[in-house]
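Shown below: work.pdb, with PDB, C-alpha atoms.
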ATOM      1  CA  MET B  30      59.494 212.808 205.884
ATOM      2  CA  GLY B  31      60.085 214.200 209.379
ATOM      3  CA  PRO B  32      57.629 214.270 212.280
ATOM      4  CA  LEU B  33      54.428 216.251 211.769
ATOM      5  CA  THR B  34      54.379 219.717 213.337
ATOM      6  CA  LYS B  35      51.619 221.931 214.651
ATOM      7  CA  GLU B  36      52.245 224.424 211.821
ATOM      8  CA  GLY B  37      48.985 224.873 209.950
ATOM      9  CA  LEU B  38      47.012 222.674 212.344
ATOM     10  CA  ASP B  39      43.948 224.032 214.134
ATOM     11  CA  MET B  40      45.305 224.314 217.662
ATOM     12  CA  ARG B  41      42.146 225.494 219.417
ATOM     13  CA  MET B  42      41.648 224.326 222.984
ATOM     14  CA  ARG B  43      40.395 220.767 223.071
ATOM     15  CA  ASP B  44      38.431 218.934 225.736
ATOM     16  CA  ILE B  45      39.746 215.440 226.315
ATOM     17  CA  MET B  46      39.035 212.285 228.296
ATOM     18  CA  ILE B  47      41.436 210.032 230.198
ATOM     19  CA  VAL B  48      40.230 206.483 230.893
ATOM     20  CA  ASP B  49      42.432 204.574 233.344
ATOM     21  CA  ASP B  50      41.756 202.749 236.609
ATOM     22  CA  SER B  51      45.011 204.132 238.048
ATOM     23  CA  ARG B  52      44.608 207.556 239.596
ATOM     24  CA  ALA B  53      48.383 207.957 239.531
ATOM     25  CA  MET B  54      48.429 207.337 235.790
ATOM     26  CA  ARG B  55      45.542 209.749 235.155
ATOM     27  CA  ASN B  56      47.444 212.415 237.108
ATOM     28  CA  PHE B  57      50.609 211.675 235.162
ATOM     29  CA  LEU B  58      48.845 212.025 231.826
ATOM     30  CA  ARG B  59      47.323 215.333 232.900
ATOM     31  CA  ARG B  60      50.755 216.515 233.913
ATOM     32  CA  ALA B  61      52.477 215.251 230.764
ATOM     33  CA  LEU B  62      49.877 217.012 228.601
ATOM     34  CA  SER B  63      50.410 220.229 230.554
ATOM     35  CA  MET B  64      54.130 219.948 229.753
ATOM     36  CA  THR B  65      53.428 219.965 226.023
ATOM     37  CA  SER B  66      52.449 222.968 223.917
ATOM     38  CA  LEU B  67      49.001 221.474 223.262
ATOM     39  CA  GLU B  68      46.015 223.578 224.272
ATOM     40  CA  ILE B  69      43.978 221.356 226.577
ATOM     41  CA  GLY B  70      40.563 222.433 227.838
ATOM     42  CA  THR B  71      38.475 220.345 230.201
ATOM     43  CA  VAL B  72      39.934 216.970 231.167
ATOM     44  CA  HIS B  73      37.242 214.390 231.900
ATOM     45  CA  GLU B  74      38.337 211.287 233.769
ATOM     46  CA  ALA B  75      36.911 207.789 234.033
ATOM     47  CA  GLU B  76      38.117 204.701 235.873
ATOM     48  CA  ASN B  77      36.873 202.229 233.290
ATOM     49  CA  GLY B  78      35.254 201.969 229.899
ATOM     50  CA  LEU B  79      31.689 201.835 231.189
ATOM     51  CA  GLU B  80      32.106 205.008 233.215
ATOM     52  CA  ALA B  81      33.688 206.633 230.167
ATOM     53  CA  LEU B  82      30.720 205.716 227.971
ATOM     54  CA  HIS B  83      28.317 207.294 230.464
ATOM     55  CA  LEU B  84      30.430 210.458 230.574
ATOM     56  CA  LEU B  85      30.486 210.627 226.791
ATOM     57  CA  ASP B  86      26.677 210.710 226.821
ATOM     58  CA  GLN B  87      26.938 213.985 228.726
ATOM     59  CA  HIS B  88      30.107 215.620 227.461
ATOM     60  CA  THR B  89      31.773 216.219 224.131
ATOM     61  CA  VAL B  90      35.480 215.470 223.869
ATOM     62  CA  GLU B  91      37.871 215.545 220.957
ATOM     63  CA  VAL B  92      40.483 213.010 222.013
ATOM     64  CA  ILE B  93      40.304 210.008 224.340
ATOM     65  CA  PHE B  94      43.319 208.450 226.056
ATOM     66  CA  SER B  95      42.534 204.927 227.191
ATOM     67  CA  ASP B  96      44.301 202.226 229.143
ATOM     68  CA  ILE B  97      43.662 198.608 228.222
ATOM     69  CA  ASN B  98      43.596 196.619 231.470
ATOM     70  CA  MET B  99      40.730 198.024 233.543
ATOM     71  CA  PRO B 100      38.012 196.390 235.638
ATOM     72  CA  VAL B 101      34.302 196.514 234.728
ATOM     73  CA  MET B 102      34.999 197.316 231.056
ATOM     74  CA  ASP B 103      38.505 197.077 229.645
ATOM     75  CA  GLY B 104      40.018 199.191 226.882
ATOM     76  CA  ALA B 105      39.335 196.706 224.099
ATOM     77  CA  ALA B 106      35.646 196.449 225.004
ATOM     78  CA  PHE B 107      35.449 200.230 225.408
ATOM     79  CA  VAL B 108      36.874 200.948 221.963
ATOM     80  CA  GLY B 109      34.566 198.291 220.545
ATOM     81  CA  GLU B 110      31.542 200.001 222.125
ATOM     82  CA  LEU B 111      32.604 203.389 220.756
ATOM     83  CA  ALA B 112      32.593 201.933 217.262
ATOM     84  CA  LYS B 113      28.891 201.057 217.611
ATOM     85  CA  SER B 114      27.899 204.715 217.948
ATOM     86  CA  GLU B 115      27.876 207.016 214.913
ATOM     87  CA  ALA B 116      28.894 210.025 217.040
ATOM     88  CA  LYS B 117      31.333 208.316 219.380
ATOM     89  CA  ARG B 118      33.252 206.410 216.721
ATOM     90  CA  ARG B 119      34.468 209.734 215.311
ATOM     91  CA  ILE B 120      36.354 210.535 218.534
ATOM     92  CA  PRO B 121      39.979 209.492 218.061
ATOM     93  CA  VAL B 122      41.232 207.123 220.756
ATOM     94  CA  ILE B 123      44.888 206.929 221.758
ATOM     95  CA  VAL B 124      45.678 203.749 223.660
ATOM     96  CA  VAL B 125      48.169 204.243 226.499
ATOM     97  CA  SER B 126      49.604 200.941 227.681
ATOM     98  CA  THR B 127      52.669 199.078 228.896
ATOM     99  CA  ASP B 128      51.768 196.342 226.390
ATOM    100  CA  ASN B 129      53.767 197.088 223.262
ATOM    101  CA  SER B 130      53.292 193.692 221.626
ATOM    102  CA  THR B 131      52.484 193.686 217.924
ATOM    103  CA  GLU B 132      49.474 191.514 218.655
ATOM    104  CA  ARG B 133      47.957 194.015 221.075
ATOM    105  CA  ARG B 134      48.654 196.982 218.818
ATOM    106  CA  SER B 135      46.972 195.194 215.917
ATOM    107  CA  GLN B 136      44.023 194.238 218.088
ATOM    108  CA  MET B 137      43.388 197.793 219.282
ATOM    109  CA  HIS B 138      43.814 199.288 215.811
ATOM    110  CA  SER B 139      41.418 196.756 214.325
ATOM    111  CA  LEU B 140      38.861 197.680 217.004
ATOM    112  CA  GLY B 141      39.125 201.326 215.989
ATOM    113  CA  ALA B 142      41.868 202.952 218.051
ATOM    114  CA  LYS B 143      43.658 205.612 216.022
ATOM    115  CA  GLY B 144      46.769 205.993 218.137
ATOM    116  CA  TYR B 145      48.951 203.987 220.486
ATOM    117  CA  ILE B 146      51.536 205.125 223.022
ATOM    118  CA  ALA B 147      53.562 202.526 224.861
ATOM    119  CA  LYS B 148      54.887 203.265 228.337
ATOM    120  CA  PRO B 149      57.372 204.634 229.088
ATOM    121  CA  PHE B 150      56.819 207.789 227.092
ATOM    122  CA  SER B 151      57.933 211.391 227.395
ATOM    123  CA  PRO B 152      55.709 214.469 227.103
ATOM    124  CA  GLU B 153      57.366 215.088 223.721
ATOM    125  CA  GLN B 154      56.359 211.656 222.448
ATOM    126  CA  LEU B 155      52.842 212.219 223.735
ATOM    127  CA  GLU B 156      52.610 215.519 221.863
ATOM    128  CA  LEU B 157      53.895 213.957 218.627
ATOM    129  CA  GLU B 158      51.232 211.263 218.754
ATOM    130  CA  VAL B 159      48.444 213.752 219.466
ATOM    131  CA  VAL B 160      49.587 216.038 216.624
ATOM    132  CA  ARG B 161      49.720 213.068 214.249
ATOM    133  CA  LEU B 162      46.205 212.112 215.225
ATOM    134  CA  LEU B 163      44.882 215.645 214.826
ATOM    135  CA  TRP B 164      46.388 215.848 211.344
ATOM    136  CA  GLU B 165      44.719 212.565 210.451
ATOM    137  CA  ALA B 166      41.400 213.845 211.726
ATOM    138  CA  ALA B 167      41.849 217.096 209.773
ATOM    139  CA  ASP B 168      42.609 215.140 206.581
ATOM    140  CA  ASP B 169      39.513 212.970 207.100
ATOM    141  CA  GLU B 170      37.331 216.085 207.235
ATOM    142  CA  TYR B 171      38.357 216.958 203.707
TER     143      TYR B 171
ATOM    144  CA  MET F  24      71.532 182.161 228.483
ATOM    145  CA  THR F  25      67.906 183.017 229.196
ATOM    146  CA  SER F  26      68.506 184.635 232.582
ATOM    147  CA  THR F  27      71.025 187.051 231.039
ATOM    148  CA  LYS F  28      68.514 187.998 228.373
ATOM    149  CA  ILE F  29      65.823 188.530 231.004
ATOM    150  CA  GLU F  30      68.224 190.557 233.131
ATOM    151  CA  ASP F  31      69.155 192.743 230.168
ATOM    152  CA  ALA F  32      65.481 193.382 229.416
ATOM    153  CA  LEU F  33      64.777 194.109 233.110
ATOM    154  CA  ARG F  34      67.639 196.574 233.335
ATOM    155  CA  SER F  35      66.936 198.437 230.078
ATOM    156  CA  ALA F  36      63.181 198.598 230.713
ATOM    157  CA  SER F  37      63.577 199.721 234.329
ATOM    158  CA  THR F  38      66.070 202.418 233.397
ATOM    159  CA  ALA F  39      63.839 203.697 230.587
ATOM    160  CA  VAL F  40      60.735 203.813 232.813
ATOM    161  CA  LEU F  41      62.499 205.534 235.713
ATOM    162  CA  GLU F  42      64.274 208.095 233.560
ATOM    163  CA  THR F  43      61.374 208.869 231.226
ATOM    164  CA  MET F  44      58.316 208.834 233.449
ATOM    165  CA  PHE F  45      59.791 209.424 236.870
ATOM    166  CA  PHE F  46      62.435 211.902 235.730
ATOM    167  CA  SER F  47      64.942 210.055 237.897
ATOM    168  CA  ASP F  48      68.671 209.568 237.561
ATOM    169  CA  VAL F  49      69.442 205.859 237.580
ATOM    170  CA  ALA F  50      72.660 203.976 238.331
ATOM    171  CA  ASP F  51      73.552 200.371 238.974
ATOM    172  CA  ALA F  52      73.683 199.461 242.646
ATOM    173  CA  GLU F  53      76.875 198.189 244.223
ATOM    174  CA  GLU F  54      77.348 194.439 244.371
ATOM    175  CA  GLY F  55      75.579 193.063 247.438
ATOM    176  CA  GLN F  56      73.500 196.184 248.122
ATOM    177  CA  THR F  57      69.992 195.356 249.281
ATOM    178  CA  VAL F  58      66.902 197.363 250.036
ATOM    179  CA  GLN F  59      66.186 198.403 253.618
ATOM    180  CA  GLU F  60      64.274 196.098 255.951
ATOM    181  CA  ASP F  61      61.267 198.409 255.811
ATOM    182  CA  ALA F  62      61.266 198.493 252.011
ATOM    183  CA  ILE F  63      57.863 198.467 250.367
ATOM    184  CA  ALA F  64      57.218 195.591 247.970
ATOM    185  CA  CYS F  65      54.731 194.805 245.230
ATOM    186  CA  ILE F  66      53.984 191.700 243.173
ATOM    187  CA  LEU F  67      52.165 190.805 239.984
ATOM    188  CA  HIS F  68      51.860 187.760 237.753
ATOM    189  CA  CYS F  69      51.849 187.401 234.000
ATOM    190  CA  ASN F  70      50.075 184.751 231.964
ATOM    191  CA  GLY F  71      50.047 183.896 228.321
ATOM    192  CA  ALA F  72      52.980 183.379 226.012
ATOM    193  CA  GLU F  73      55.228 184.120 229.005
ATOM    194  CA  ASN F  74      54.223 182.980 232.476
ATOM    195  CA  GLY F  75      55.762 184.250 235.652
ATOM    196  CA  THR F  76      56.027 186.723 238.461
ATOM    197  CA  PHE F  77      57.443 190.197 238.900
ATOM    198  CA  THR F  78      58.288 191.784 242.242
ATOM    199  CA  VAL F  79      59.508 195.283 242.994
ATOM    200  CA  ALA F  80      60.954 196.455 246.304
ATOM    201  CA  ILE F  81      61.940 200.038 247.022
ATOM    202  CA  ASP F  82      63.360 201.960 249.963
ATOM    203  CA  PRO F  83      60.643 204.207 251.462
ATOM    204  CA  PRO F  84      62.514 207.503 250.907
ATOM    205  CA  ALA F  85      63.072 206.563 247.249
ATOM    206  CA  LEU F  86      59.389 205.759 246.820
ATOM    207  CA  GLN F  87      58.454 209.180 248.190
ATOM    208  CA  VAL F  88      60.786 210.902 245.730
ATOM    209  CA  LEU F  89      59.570 208.870 242.746
ATOM    210  CA  CYS F  90      55.937 209.391 243.717
ATOM    211  CA  ALA F  91      56.365 213.140 243.997
ATOM    212  CA  ALA F  92      58.161 213.251 240.639
ATOM    213  CA  PHE F  93      55.574 211.131 238.829
ATOM    214  CA  CYS F  94      52.567 212.985 240.197
ATOM    215  CA  GLY F  95      54.162 216.421 240.154
ATOM    216  CA  LEU F  96      53.609 216.886 243.896
ATOM    217  CA  GLU F  97      55.272 219.618 245.893
ATOM    218  CA  ASP F  98      54.284 218.178 249.273
ATOM    219  CA  GLU F  99      55.200 214.741 250.594
ATOM    220  CA  PRO F 100      52.896 212.160 249.010
ATOM    221  CA  SER F 101      50.380 210.430 251.240
ATOM    222  CA  LEU F 102      50.682 206.719 252.075
ATOM    223  CA  ILE F 103      47.791 205.963 249.748
ATOM    224  CA  GLU F 104      49.475 207.834 246.901
ATOM    225  CA  GLN F 105      52.737 205.983 247.563
ATOM    226  CA  ARG F 106      51.001 202.602 247.549
ATOM    227  CA  GLU F 107      49.179 203.430 244.332
ATOM    228  CA  MET F 108      52.485 204.574 242.926
ATOM    229  CA  ILE F 109      54.417 201.393 243.588
ATOM    230  CA  CYS F 110      51.585 199.380 242.049
ATOM    231  CA  GLU F 111      51.684 201.527 238.919
ATOM    232  CA  LEU F 112      55.491 201.341 238.870
ATOM    233  CA  THR F 113      55.393 197.542 239.116
ATOM    234  CA  ASN F 114      52.876 197.391 236.277
ATOM    235  CA  MET F 115      55.047 199.594 234.073
ATOM    236  CA  LEU F 116      58.276 197.752 234.851
ATOM    237  CA  ALA F 117      56.687 194.369 234.145
ATOM    238  CA  GLY F 118      55.001 195.495 230.938
ATOM    239  CA  SER F 119      58.091 197.233 229.612
ATOM    240  CA  THR F 120      60.288 194.251 230.443
ATOM    241  CA  LEU F 121      57.950 191.886 228.611
ATOM    242  CA  SER F 122      57.872 194.233 225.631
ATOM    243  CA  ALA F 123      61.669 194.262 225.562
ATOM    244  CA  TYR F 124      62.148 190.532 226.215
ATOM    245  CA  ALA F 125      59.322 189.096 224.098
ATOM    246  CA  PRO F 126      57.864 191.832 221.858
ATOM    247  CA  ASP F 127      56.046 189.447 219.562
ATOM    248  CA  ARG F 128      54.568 187.310 222.328
ATOM    249  CA  PHE F 129      51.291 188.196 224.026
ATOM    250  CA  SER F 130      50.889 188.012 227.806
ATOM    251  CA  THR F 131      48.498 189.623 230.250
ATOM    252  CA  LEU F 132      49.425 191.104 233.622
ATOM    253  CA  SER F 133      47.484 190.654 236.834
ATOM    254  CA  SER F 134      46.658 193.654 239.012
ATOM    255  CA  PRO F 135      49.701 194.515 241.122
ATOM    256  CA  GLN F 136      49.334 193.915 244.858
ATOM    257  CA  LEU F 137      51.422 195.010 247.803
ATOM    258  CA  CYS F 138      53.262 192.074 249.335
ATOM    259  CA  ASP F 139      55.632 191.157 252.143
ATOM    260  CA  ILE F 140      59.245 192.024 251.560
ATOM    261  CA  GLU F 141      60.021 188.337 252.147
ATOM    262  CA  GLN F 142      58.169 187.373 248.947
ATOM    263  CA  HIS F 143      60.350 189.743 246.984
ATOM    264  CA  ALA F 144      63.523 188.646 248.779
ATOM    265  CA  LYS F 145      62.850 184.993 247.964
ATOM    266  CA  LEU F 146      62.610 185.720 244.226
ATOM    267  CA  ALA F 147      65.606 188.074 244.279
ATOM    268  CA  GLN F 148      67.780 185.515 246.070
ATOM    269  CA  LEU F 149      67.022 182.787 243.545
ATOM    270  CA  ALA F 150      67.839 185.036 240.603
ATOM    271  CA  GLY F 151      71.015 183.995 238.863
ATOM    272  CA  GLN F 152      70.716 180.462 240.194
ATOM    273  CA  GLN F 153      68.062 179.378 237.761
ATOM    274  CA  ASP F 154      67.819 180.072 234.076
ATOM    275  CA  HIS F 155      64.406 181.688 234.103
ATOM    276  CA  LEU F 156      65.060 184.107 236.988
ATOM    277  CA  ALA F 157      66.649 187.549 237.031
ATOM    278  CA  SER F 158      67.007 190.485 239.386
ATOM    279  CA  VAL F 159      68.288 194.022 238.972
ATOM    280  CA  SER F 160      69.102 196.569 241.677
ATOM    281  CA  LEU F 161      69.199 200.241 240.781
ATOM    282  CA  LEU F 162      70.155 203.366 242.695
ATOM    283  CA  VAL F 163      67.645 206.167 242.392
ATOM    284  CA  GLU F 164      67.297 209.374 244.353
ATOM    285  CA  GLY F 165      66.455 208.441 247.930
ATOM    286  CA  GLY F 166      67.662 204.859 247.844
ATOM    287  CA  LEU F 167      67.534 201.484 246.208
ATOM    288  CA  LEU F 168      65.005 199.817 243.944
ATOM    289  CA  THR F 169      65.142 196.121 243.102
ATOM    290  CA  VAL F 170      63.133 194.439 240.364
ATOM    291  CA  SER F 171      63.024 190.658 240.167
ATOM    292  CA  CYS F 172      61.228 188.315 237.864
ATOM    293  CA  SER F 173      60.679 184.727 236.946
ATOM    294  CA  LEU F 174      59.615 184.047 233.361
ATOM    295  CA  ARG F 175      58.924 180.824 231.504
ATOM    296  CA  ALA F 176      57.693 180.547 227.973
ATOM    297  CA  ALA F 177      54.415 178.675 227.660
ATOM    298  CA  ALA F 178      54.738 175.230 226.143
TER     299      ALA F 178
END
Using the file provided, produce a representation of the structure as structure tokens.
Amino acid sequence: MGPLTKEGLDMRMRDIMIVDDSRAMRNFLRRALSMTSLEIGTVHEAENGLEALHLLDQHTVEVIFSDINMPVMDGAAFVGELAKSEAKRRIPVIVVSTDNSTERRSQMHSLGAKGYIAKPFSPEQLELEVVRLLWEAADDEY
Amino acid sequence: MTSTKIEDALRSASTAVLETMFFSDVADAEEGQTVQEDAIACILHCNGAENGTFTVAIDPPALQVLCAAFCGLEDEPSLIEQREMICELTNMLAGSTLSAYAPDRFSTLSSPQLCDIEQHAKLAQLAGQQDHLASVSLLVEGGLLTVSCSLRAAA
């Protein structure tokens, strides 16, 4: 079976959140997403998991991109906190990290992350992972 | 030999990061080529299954080019942006190297910090002389980038 495509997928504009303590990395992700054919609406940004949780109390997003190593509240703790909320646990989280170890991937998936992109990645790889996640979310609705 | 394996991981990871996320052409530097005296350097440490240090040094014009490419800037990046950039670059190079060298072993990285070029030079000079040290110099647009590391498996 080849990679999933956008054909048949609801490609409405989606608001997203980027959680990373590196401003450079947040800018890169914004830019990489703009280089894909994904329709991105508002991009909310947070420097750590705690800030992200506060933002999620005020804004609705459909996908979260999260780093792991962050001060105040790291990615593992953040994903763990999301799982405690009925509403927030439904938001798919894609981990974006340089750590591509099997142990870390397993840890983040067991905490509730739905996707994982290891750096370095291209805009094309980013799009593939988002499309895969959106298909999964669409399947879960049925 | 461990240092060859580390060097291979350093080179493949660095090339992948620079080409994929910095949209940069990458080539091996000439034997004996070193970064400029005013090169900007960054250091971080790793702990866990692998313990050690990574340093990155880059010629200032090359850092400007990479920063602009990564951030999609049309104007020259500010000093703050460049410093943030080399820290992020160091983090990515270290993480990718560890993933290539020891994919099934778990280590954590410290926050990257700017450092004196002498700290980087010391590590780079020792590379090749000791089994757990390696250094790679790459030509990118604008100048030279050198990545060095010392890695020891935890007992």
For chain F against chain B, which residues fall within 8 Å using all atoms listed in the file, given as JSON, numbers by chain?
{"F": [39, 40, 43, 44, 93, 94, 95, 104, 107, 108, 111, 114, 115, 118, 119, 121, 122, 125, 126, 127, 128, 129]}
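For the structure in this document, the set picked by the PyMOL selection byres ((chain F and resi 28) around 12) is Met24, Thr25, Ser26, Thr27, Ile29, Glu30, Asp31, Ala32, Leu33, Arg34, Ser35, Thr120, Leu121, Ala123, Tyr124, Ala125, Gly151, Asp154, His155, Leu156, Ala157, Ser158, Cys172 and Leu174 of chain F.
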Work out how far atom CA of Ile63 of chain F is from atom CA of Cys110 of chain F, in Å to one decimal.
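Between these atoms lies a distance of 10.5 Å.
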Go through B:Glu110, B:Asp86, B:Asp96, B:Asp103 one by one, measure the shortest atom-to-atom distance of each to Gly144 of chain B using all atoms listed in the file, and give the residue with the smallest value.
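Smallest distance to Gly144 of chain B is found for B:Asp96.
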Residue IDs satisfying the PyMOL selection byres ((chain F and resi 81) around 10), as number ranges by chain
F: 57-59, 61-65, 79-80, 82-87, 109, 140, 160-163, 165-170
